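This report concerns only the one structure given below.
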Amino acid sequence: MMIETLLAVTFAGALVTFLAPNRIAGKLAFAISLIPAGLSLWLFTAFDGSGNALLEGGELAWENQATWISLGAYDISWYVGLDGISLPLVVLTTILTTLAIVSSWTPIDMRESQFYGLVLFIEANLIGVFVALDFFMWFIFWEAVLIPMYLLIGVWGGPRRKYAAIKFFIYTNVASLLMFGAFMVLVFSLEVTSFALPEIAQAMVNGGPESFAGVAGSTIASLVFVAMFIGFAVKVPVVPFHTWLPDAHVEAPTPASVLLAGVLLKMGTYALLRFNFTMFPDQLEVYAIPIAAIAVISVIYGAMLALAQTDLKRIVAYSSVSSMGYVILGLIAFTHFGVGGATFQMVSHGLISGLMFMAVGVIYNATHTRMVTDMSGMADRMPIAVGILIAGAFGYMGLPLMSGFAAEYFIFFGAFGSDMLMYAPAFTALAMFGIVIVAGYLLFAMQRTLFGPYRLETDYEVGRAPLHDVAPMFVLLGLIIALGVAPELIFEMILDSVDPILDLGGDA
């Protein structure tokens, strides 16, 4: 019942915070968030499962299943469990939520109880997405994340918050409907008796007269695969479905940006791995080149867009598009290090992007501007915050002994030798060029804003950042370095759950 306890505590904490007085909401939310963070870390240390959550032969940790509703021939179940793919993402969610709450103590000064209640509600549903093993239950958690994020952007966001919130909701909701419809076609074409994801995945793997796995080249199978890929790709997002992301980030308050980049984007890549890359091994080879092209275009185009920005938040937002391109490349490489590295990159990017958005938020709180052209010399006035920002930027660039380097190395090593992907070395080389562009725009932005003589276009006095702004960034930087120095902290458990997927495609 450990997973149920984790979910119950987080949902209850969200309700308690939502109803609490505004003056204590921030501190109360922080105290409550420590409970799921502590529980998730205990789950991490006690984890002894192996294999993949959707495939036979794997031992799931804290697995629990109970029939909930019967719909004709199909059962909907409360079905949860953890493996080496989902557990690191659960830990990432709980840690980032706690740190995001602390980082919001300065900028959030209205309706605090509602704000922090919604943040905890997002956390609970994100955990649900990563632990759910029944499609209907998973889809409820998936959709429930949209509502609080829409409110966080639309109520506490910037001047164009309503536009950004509506755009975010429409893009992601339409994508969800497309994915839902495709999955229903899949289920009704299989000989299954429930919406349990392991049963559906196994039916696809086993083949049979009703299964798409027996007709890998069929039009219906291809349409379902493509529709589900698009539905998840919007959430990632990859080019050309990325346009909602910069608007959402620019208008969102800092804690929402931290969770949006750090965890919500990983919902898309996690779903791609769980659904498309586990349930459709035959379709992967057919669509390997188009998917790899999308990945490389996202890497290069996202980095080029970041290079053209003058708003620090937009720079970091477009960096996420580029970074998620690496995840897609690792997945479609379909190798031991490719898929494992892609999963590792989900965690690494969550930590680095969270740190970057926190740092940009600290600078904005002090200067009331995010424009590169409005400031310079911030290092003299905010040395500690600026130092952490520089370290986070180096992590984005792939500096050795930081998690970004380990993730990119795993992905490039796995992609270069891929048997699944034709012209794998060429795709890998193009993606590696994205690192050069990343270094270019980050170094340019830092040189303009952080160094040189002090200058600020706004009439605010800039001083050292308060401890509660700097402390969460120190924690994230420590985790980034820890995973860079010792990636085996999570990489080995990831590979235990990735390898069964590769066996389906004949790659070990």
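A note on labels: chains of the structure tokens are A, B, ... as shown, every chain counts residues from 1, and ligands are counted from 1 in their shown order.
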### Message
Using only C-alpha atoms, which protein or nucleic acid residues come within 10 Å of Ser376 (chain A)? Drop anything in the same chain fewer than 6 positions from it, and give the result as number ranges by chain.
### Response
A: 445-457
### Query
Mind checking DSSP for region 408-496 of chain A and telling me the helix (DSSP H, G or I) residues as JSON, numbers by chain?
{"A": [408, 409, 410, 411, 412, 413, 414, 415, 416, 424, 425, 426, 427, 428, 429, 430, 431, 432, 433, 434, 435, 436, 437, 438, 439, 440, 441, 442, 443, 444, 445, 446, 447, 448, 449, 450, 467, 468, 469, 470, 471, 472, 473, 474, 475, 476, 477, 478, 479, 480, 481, 482, 483, 484, 485, 488, 489, 490, 491, 492, 493, 494, 495, 496]}
### Query
In terms of the shortest atom-to-atom distance over only C-alpha atoms, which of A:Ala196, A:Ala12, A:Met346, A:Leu476 is closest to Ser77 (chain A)?
A:Ala196
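Using only C-alpha atoms, the smallest distance between any of A:Pro148, A:Pro466, A:Gly158, A:Gly231 and Phe183 (chain A) comes from A:Gly231.
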### Query
Any idea what's packed within 6 Å of Gly484 (chain A), counting only C-alpha atoms, ignoring anything in its chain fewer than 6 positions away? Could you give it as a PyMOL selection string?
chain A and resi 401-403+406
### Task
Check the smallest atom-to-atom distance from each of A:Leu467, A:Ile147, A:Met324, A:Leu19 to Thr106 (chain A) using only C-alpha atoms, then report the winner.
A:Leu467
### Task
For Leu178 (chain A), work out the shell of residues within 9 Å, counting only C-alpha atoms and skipping chain neighbours fewer than 3 positions away, then give it as a PyMOL selection string.
chain A and resi 173-175+181-183+227-228+230-231
### Query
Counting only C-alpha atoms, which of A:Pro21, A:Gly463, A:Gly350, A:Gly387 gets nearest to Pro88 (chain A)?
A:Gly350
### Message
My list of candidates is A:Ala29, A:Val360, A:Leu479, A:Ala221. Which is closest to Val250 (chain A) when distances are computed with only C-alpha atoms?
### Response
A:Val360
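Closest approach to Leu133 (chain A) from the set A:Trp244, A:Phe195, A:Phe168, A:Phe115 is made by A:Phe195, with distances taken over only C-alpha atoms.
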Just want the 7 Å neighbourhood of Ser103 (chain A), counted on only C-alpha atoms, with same-chain residues fewer than 6 positions away dropped. Output as a compact mmCIF listing (two decimals) with C-alpha atoms, in the first residue's frame.
# COMPACT_ATOMS: atom_id res chain seq x y z
CA PRO A 255 7.20 27.40 -9.70
CA MET A 358 14.64 29.05 -10.63
CA HIS A 468 15.15 30.62 0.50
CA ASP A 469 15.75 31.52 -3.17
CA PRO A 472 16.65 25.10 -3.66
### Query
Residues at most 12 Å from Pro400 (chain A), counting only C-alpha atoms, excluding those fewer than 2 positions away in the same chain, as number ranges by chain?
A: 391, 394-398, 402-409, 480-487
### Task
Would you mind listing what lies within 7 Å of region 34-46 of chain A as number ranges by chain, with only C-alpha atoms counted and same-chain residues fewer than 2 positions away left out?
A: 6, 9-10, 30-32, 48, 87, 90-91, 94-95, 98
